[in-house]
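Asks: Structure below; questions to follow.
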Amino acid sequence: MLSDSCGGVRPHAGLGRIKPHMVIENLEDLPAIRIDISSNESVYGPSQSAIEAVINESEYMYRYASDAVRELTIQIAKRHNINPNGIVCGHGSDDLLLRIAQSFLQTGDELICSINGYQRIPNFAHTANAQPIKASDHNLTADIDRILDCVTEKTRIVMLANPDNPSGTYLSGTEIRRLHASLPDSVLLVLDSAYLEYVAAENFENPKALIEESQNTVMTRTFSKIHGLAGLRLGWMYAAPAVADAVKKIGMTFPISNVAFRAGLASLNDQSHAKFVYQQNLKVRDDFTNGLEMLELEVIPSQTNFVLARFPHPDYSAVNAYAFLRSHEILARRLMSDSFAEYLRFTLGFPEQMNEVLDVLQLFFEHQHNHTGILEH
Ligand SMILES: Cc1ncc(COP(=O)(O)O)c(C=O)c1O
């Protein structure tokens with residue numbers, strides 16, 4: 001709840017419903033973090049050419065990047081063979097998701113999301129004082145039929161991350177098309193595609209074709225993940241030009257910084273870096289998944305750069321594993337929702353880091369084993 005300290009001035013009621021979605025620890029008395037695998041950043045960092053582009057641009061940081069959106073839009077359109085009039089650039093995909101919500105929702109409208117999907121989505125609805133409707137799922141994967149059950153005449157947006165965070169699960173192209181085909185034309189289908197570049201599943205479909213065949217589909221994309229530019233905040237979206245025009249009306253005068261723009265251009269032109277990261281991630285994902293399974297943890301099959309694992313046994317709980325890892329200077333991610341109380345999410349780092357995480361988890365199980373006396377019985 002918002003406090004009353006605003007005096008007579010009041011933010012709108014939706015803001016009082018915004019909740020944190022990640023567990024933030026109190027940093028006092030804890031050892032420094034050596035392995036941070038909590039925020040799905042790319043350990044491989046940006047491409048060398050992006051670093052050089054930022055250094056070269058740095059002397060111009062006193063200027064607004066007046067031409068950046070136009071130029072970046074042209075280059076994204078060329079690289080992805082898409083219509084520049086459907087592209088909007090922003091500060092990362094969260095900025096675009098927020099602007100989409102604010103462009104298409106007003107008080108009383110409904111946005112449908114998946115209950116265990118990207119946990120910021122309900123908050124995007126609240127910023128427009130609209131109502132998030134959380135459709136139930138199965139096996140932590142969005143369920144098209146349950147989403148369709150939630151559609152009413154108040155529905156304006158269905159917003160899903162595909163692949164999703166924190167589960168790492170995905171919906172196939174066929175499922176997304178079935179969802180789209182069953183939605184009224186008046187509902188915008190927003191596909192947050194932050195992890196699209198990591199997907200290996202053959203039945204996944206890049207939403208580009210669906211966007212071009214319809215007037216009511218959007219994808220958001222980011223430079224934060226595979227391109228390693230999370231700290232610069234750069235993303236883009238693609239939709240029918242009329243949808244893009246609406247979103248462009250909301251945002252700052254010069255919506256991206258000149259250094260982010262230069263780094264983004266350099267990253268687009270260095271596809272070898274993205275390919276390298278994809279391949280490394282794939283290998284680490286398989287190896288780490290196998291390692292967790294060897295420790296008898298339940299692993300949700302991931303198409304992303306992170307893995308969610310379930311610690312089902314109360315003697316070996318996720319909270320205890322988190323604390324044990326933290327005492328070894330490793331930061332994993334715990335999530336607020338009760339659905340994830342038994343889970344930890346691990347961003348995929350370098351192979352040697354993930355081996356160390358597995359070693360520490362092994363130690364955790366041995367340590368708990370000894371301390372709960374299970375060995376003696
Ligand atoms: C599903 C999903 N969407 C969007 C974002 C935000 O990405 P960006 O850095 O582009 O704002 C994240 C970040 O972790 C994410 O997991």
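Starting from 1 in every chain, residues are counted up; chains themselves are A, B, ... following the order of the structure tokens, and ligands are numbered from 1 as listed.
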Quick one: everything within 8 Å of segment 49-60 of chain A, counting only C-alpha atoms, minus sequence neighbours fewer than 3 positions away in the same chain. Send it as a list in words.
Replies: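 Listing them by chain and then by number gives Pro46, Arg63, Asn258, Val259, Ala260, Arg262, Ala263, Gly264, Leu265, Ala266, Ser267 and Asp270 of chain A.
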Asks: Can you build me a table of segment 240-296 of chain A residues sitting at most 10 Å from segment 94-103 of chain A, with the closest atom pair per residue and its distance in Å to one decimal, using only C-alpha atoms, sorted by chain and residue number, as CSV?
Replies:
residue,atom,partner,partner_atom,distance
A:Val243,CA,A:Ile100,CA,8.7
A:Ala244,CA,A:Ile100,CA,9.0
A:Asp245,CA,A:Ser103,CA,9.9
A:Ala246,CA,A:Ser103,CA,6.3
A:Val247,CA,A:Ile100,CA,5.8
A:Lys248,CA,A:Arg99,CA,8.3
A:Lys249,CA,A:Ser103,CA,8.2
A:Ile250,CA,A:Arg99,CA,6.2
A:Gly251,CA,A:Arg99,CA,7.3
A:Pro255,CA,A:Asp95,CA,9.8
Asks: For the selection you just gave me, I'd like the residues written to a file as an mmCIF file, in the first residue's frame, keeping C-alpha atoms.
Replies:
data_model
loop_
_atom_site.group_PDB
_atom_site.id
_atom_site.type_symbol
_atom_site.label_atom_id
_atom_site.label_comp_id
_atom_site.auth_asym_id
_atom_site.auth_seq_id
_atom_site.Cartn_x
_atom_site.Cartn_y
_atom_site.Cartn_z
ATOM 1 C CA VAL A 243 0.313 -0.160 -33.205
ATOM 2 C CA ALA A 244 3.904 1.107 -33.420
ATOM 3 C CA ASP A 245 2.668 4.677 -33.979
ATOM 4 C CA ALA A 246 0.578 4.514 -30.803
ATOM 5 C CA VAL A 247 3.528 3.305 -28.702
ATOM 6 C CA LYS A 248 5.827 5.974 -30.167
ATOM 7 C CA LYS A 249 3.524 8.649 -28.731
ATOM 8 C CA ILE A 250 4.574 7.609 -25.225
ATOM 9 C CA GLY A 251 8.202 7.981 -24.269
ATOM 10 C CA PRO A 255 14.331 7.730 -26.137
#
Asks: List every residue of chain A that has an atom at most 10 Å from any atom of ligand 1, giving for each one its closest atom pair and the distance in Å to one decimal, counting only C-alpha atoms and all ligand atoms, sorted by chain and then by ascending residue number, as JSON lines.
Replies:
{"residue": "A:Ser38", "atom": "CA", "partner": "ligand 1", "partner_atom_place_in_ligand_line": "14 (O)", "distance": 9.7}
{"residue": "A:Ser39", "atom": "CA", "partner": "ligand 1", "partner_atom_place_in_ligand_line": "14 (O)", "distance": 6.3}
{"residue": "A:Asn40", "atom": "CA", "partner": "ligand 1", "partner_atom_place_in_ligand_line": "14 (O)", "distance": 5.9}
{"residue": "A:Glu41", "atom": "CA", "partner": "ligand 1", "partner_atom_place_in_ligand_line": "14 (O)", "distance": 7.7}
{"residue": "A:Gly90", "atom": "CA", "partner": "ligand 1", "partner_atom_place_in_ligand_line": "10 (O)", "distance": 8.8}
{"residue": "A:His91", "atom": "CA", "partner": "ligand 1", "partner_atom_place_in_ligand_line": "11 (O)", "distance": 6.7}
{"residue": "A:Gly92", "atom": "CA", "partner": "ligand 1", "partner_atom_place_in_ligand_line": "10 (O)", "distance": 3.4}
{"residue": "A:Ser93", "atom": "CA", "partner": "ligand 1", "partner_atom_place_in_ligand_line": "10 (O)", "distance": 3.6}
{"residue": "A:Asp94", "atom": "CA", "partner": "ligand 1", "partner_atom_place_in_ligand_line": "11 (O)", "distance": 3.9}
{"residue": "A:Asp95", "atom": "CA", "partner": "ligand 1", "partner_atom_place_in_ligand_line": "11 (O)", "distance": 6.2}
{"residue": "A:Leu96", "atom": "CA", "partner": "ligand 1", "partner_atom_place_in_ligand_line": "11 (O)", "distance": 8.0}
{"residue": "A:Leu97", "atom": "CA", "partner": "ligand 1", "partner_atom_place_in_ligand_line": "4 (C)", "distance": 8.0}
{"residue": "A:Leu98", "atom": "CA", "partner": "ligand 1", "partner_atom_place_in_ligand_line": "11 (O)", "distance": 9.9}
{"residue": "A:Gly117", "atom": "CA", "partner": "ligand 1", "partner_atom_place_in_ligand_line": "1 (C)", "distance": 8.0}
{"residue": "A:Tyr118", "atom": "CA", "partner": "ligand 1", "partner_atom_place_in_ligand_line": "1 (C)", "distance": 5.3}
{"residue": "A:Gln119", "atom": "CA", "partner": "ligand 1", "partner_atom_place_in_ligand_line": "1 (C)", "distance": 8.3}
{"residue": "A:Arg120", "atom": "CA", "partner": "ligand 1", "partner_atom_place_in_ligand_line": "3 (N)", "distance": 8.1}
{"residue": "A:Ile121", "atom": "CA", "partner": "ligand 1", "partner_atom_place_in_ligand_line": "3 (N)", "distance": 8.7}
{"residue": "A:Leu160", "atom": "CA", "partner": "ligand 1", "partner_atom_place_in_ligand_line": "1 (C)", "distance": 8.3}
{"residue": "A:Ala161", "atom": "CA", "partner": "ligand 1", "partner_atom_place_in_ligand_line": "1 (C)", "distance": 5.1}
{"residue": "A:Asn162", "atom": "CA", "partner": "ligand 1", "partner_atom_place_in_ligand_line": "1 (C)", "distance": 7.4}
{"residue": "A:Pro163", "atom": "CA", "partner": "ligand 1", "partner_atom_place_in_ligand_line": "1 (C)", "distance": 7.4}
{"residue": "A:Asp164", "atom": "CA", "partner": "ligand 1", "partner_atom_place_in_ligand_line": "1 (C)", "distance": 5.6}
{"residue": "A:Asn165", "atom": "CA", "partner": "ligand 1", "partner_atom_place_in_ligand_line": "1 (C)", "distance": 4.9}
{"residue": "A:Pro166", "atom": "CA", "partner": "ligand 1", "partner_atom_place_in_ligand_line": "16 (O)", "distance": 7.2}
{"residue": "A:Ser167", "atom": "CA", "partner": "ligand 1", "partner_atom_place_in_ligand_line": "1 (C)", "distance": 9.8}
{"residue": "A:Gly168", "atom": "CA", "partner": "ligand 1", "partner_atom_place_in_ligand_line": "1 (C)", "distance": 9.2}
{"residue": "A:Leu191", "atom": "CA", "partner": "ligand 1", "partner_atom_place_in_ligand_line": "3 (N)", "distance": 9.4}
{"residue": "A:Asp192", "atom": "CA", "partner": "ligand 1", "partner_atom_place_in_ligand_line": "3 (N)", "distance": 5.7}
{"residue": "A:Ser193", "atom": "CA", "partner": "ligand 1", "partner_atom_place_in_ligand_line": "3 (N)", "distance": 7.0}
{"residue": "A:Ala194", "atom": "CA", "partner": "ligand 1", "partner_atom_place_in_ligand_line": "3 (N)", "distance": 5.1}
{"residue": "A:Tyr195", "atom": "CA", "partner": "ligand 1", "partner_atom_place_in_ligand_line": "1 (C)", "distance": 7.1}
{"residue": "A:Leu196", "atom": "CA", "partner": "ligand 1", "partner_atom_place_in_ligand_line": "1 (C)", "distance": 9.8}
{"residue": "A:Thr220", "atom": "CA", "partner": "ligand 1", "partner_atom_place_in_ligand_line": "4 (C)", "distance": 8.1}
{"residue": "A:Arg221", "atom": "CA", "partner": "ligand 1", "partner_atom_place_in_ligand_line": "10 (O)", "distance": 6.7}
{"residue": "A:Thr222", "atom": "CA", "partner": "ligand 1", "partner_atom_place_in_ligand_line": "10 (O)", "distance": 4.3}
{"residue": "A:Phe223", "atom": "CA", "partner": "ligand 1", "partner_atom_place_in_ligand_line": "10 (O)", "distance": 6.4}
{"residue": "A:Ser224", "atom": "CA", "partner": "ligand 1", "partner_atom_place_in_ligand_line": "9 (O)", "distance": 4.8}
{"residue": "A:Lys225", "atom": "CA", "partner": "ligand 1", "partner_atom_place_in_ligand_line": "9 (O)", "distance": 7.2}
{"residue": "A:Gly228", "atom": "CA", "partner": "ligand 1", "partner_atom_place_in_ligand_line": "9 (O)", "distance": 9.7}
{"residue": "A:Leu229", "atom": "CA", "partner": "ligand 1", "partner_atom_place_in_ligand_line": "9 (O)", "distance": 8.2}
{"residue": "A:Ala230", "atom": "CA", "partner": "ligand 1", "partner_atom_place_in_ligand_line": "9 (O)", "distance": 5.3}
{"residue": "A:Gly231", "atom": "CA", "partner": "ligand 1", "partner_atom_place_in_ligand_line": "9 (O)", "distance": 7.9}
{"residue": "A:Leu232", "atom": "CA", "partner": "ligand 1", "partner_atom_place_in_ligand_line": "9 (O)", "distance": 8.6}
{"residue": "A:Arg233", "atom": "CA", "partner": "ligand 1", "partner_atom_place_in_ligand_line": "9 (O)", "distance": 5.8}
{"residue": "A:Leu234", "atom": "CA", "partner": "ligand 1", "partner_atom_place_in_ligand_line": "10 (O)", "distance": 6.3}
{"residue": "A:Gly235", "atom": "CA", "partner": "ligand 1", "partner_atom_place_in_ligand_line": "10 (O)", "distance": 5.3}
{"residue": "A:Trp236", "atom": "CA", "partner": "ligand 1", "partner_atom_place_in_ligand_line": "10 (O)", "distance": 8.3}
{"residue": "A:Thr304", "atom": "CA", "partner": "ligand 1", "partner_atom_place_in_ligand_line": "16 (O)", "distance": 9.5}
{"residue": "A:Asn305", "atom": "CA", "partner": "ligand 1", "partner_atom_place_in_ligand_line": "16 (O)", "distance": 9.9}
{"residue": "A:Phe306", "atom": "CA", "partner": "ligand 1", "partner_atom_place_in_ligand_line": "16 (O)", "distance": 9.8}
Asks: If you count only C-alpha atoms, which residues fall within 8 Å of Thr289 of chain A, apart from same-chain ones fewer than 4 positions away, as a list in words?
Replies: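 Answer for this query is Arg285, Glu293, Val299, Pro301 and Val307 of chain A.
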Asks: Please save N, CA and C atoms of the selected residues as a short mmCIF file (atom, residue, chain, number, x, y, z; two decimals), in the first residue's frame.
Replies:
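Result went into part.cif, see below:
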data_model
loop_
_atom_site.label_atom_id
_atom_site.label_comp_id
_atom_site.auth_asym_id
_atom_site.auth_seq_id
_atom_site.Cartn_x
_atom_site.Cartn_y
_atom_site.Cartn_z
N ARG A 285 23.83 -25.16 -20.79
CA ARG A 285 22.45 -25.48 -20.38
C ARG A 285 22.27 -26.99 -20.23
N GLU A 293 20.21 -32.72 -12.35
CA GLU A 293 19.42 -33.96 -12.30
C GLU A 293 20.18 -35.06 -11.56
N VAL A 299 14.33 -30.42 -12.65
CA VAL A 299 14.72 -29.29 -13.49
C VAL A 299 13.63 -29.05 -14.54
N PRO A 301 12.73 -28.03 -18.09
CA PRO A 301 13.52 -27.91 -19.33
C PRO A 301 13.50 -26.46 -19.85
N VAL A 307 18.14 -21.63 -15.78
CA VAL A 307 17.48 -22.90 -15.49
C VAL A 307 16.81 -22.79 -14.13
#
Asks: Could you pull out all residues of segment 44-260 of chain A with a DSSP call of strand (DSSP E or B) and give them as a PyMOL selection string?
Replies: chain A and resi 87-90+110-114+131-135+138+141+155-161+188-192+217-222+235-238
Asks: Got a sec: who's within 9 Å of Ser172 of chain A, counting only C-alpha atoms, leaving out chain neighbours fewer than 4 positions off, as a VMD selection string?
Replies: chain A and resid 176 to 177 201 to 205
Asks: Between A:Arg345, A:Arg333, A:Lys19, A:His313, which one has atoms that come closest to Phe365 of chain A, using only C-alpha atoms?
Replies: A:His313
Asks: Find the residue from A:Leu72, A:Val218, A:Leu15, A:Met159 that sits nearest to Asn129 of chain A; use only C-alpha atoms when measuring.
Replies: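 Closest residue, counting only C-alpha atoms: A:Leu15.
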Asks: For the structure I just gave you, how does DSSP split segment 108-284 of chain A - specifically, which residues are helix (DSSP H, G or I)? Reply as a ChimeraX atom specification.
Replies: /A:121-127,144-149,173-182,196-198,208-213,230-232,241-248,258-268,271-284
Asks: A:Asp338, A:Ala239, A:Thr253, A:Gly291: which is nearest Tyr64 of chain A, counting only C-alpha atoms?
Replies: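 Checking each candidate against Tyr64 of chain A, we get A:Thr253 as the closest.
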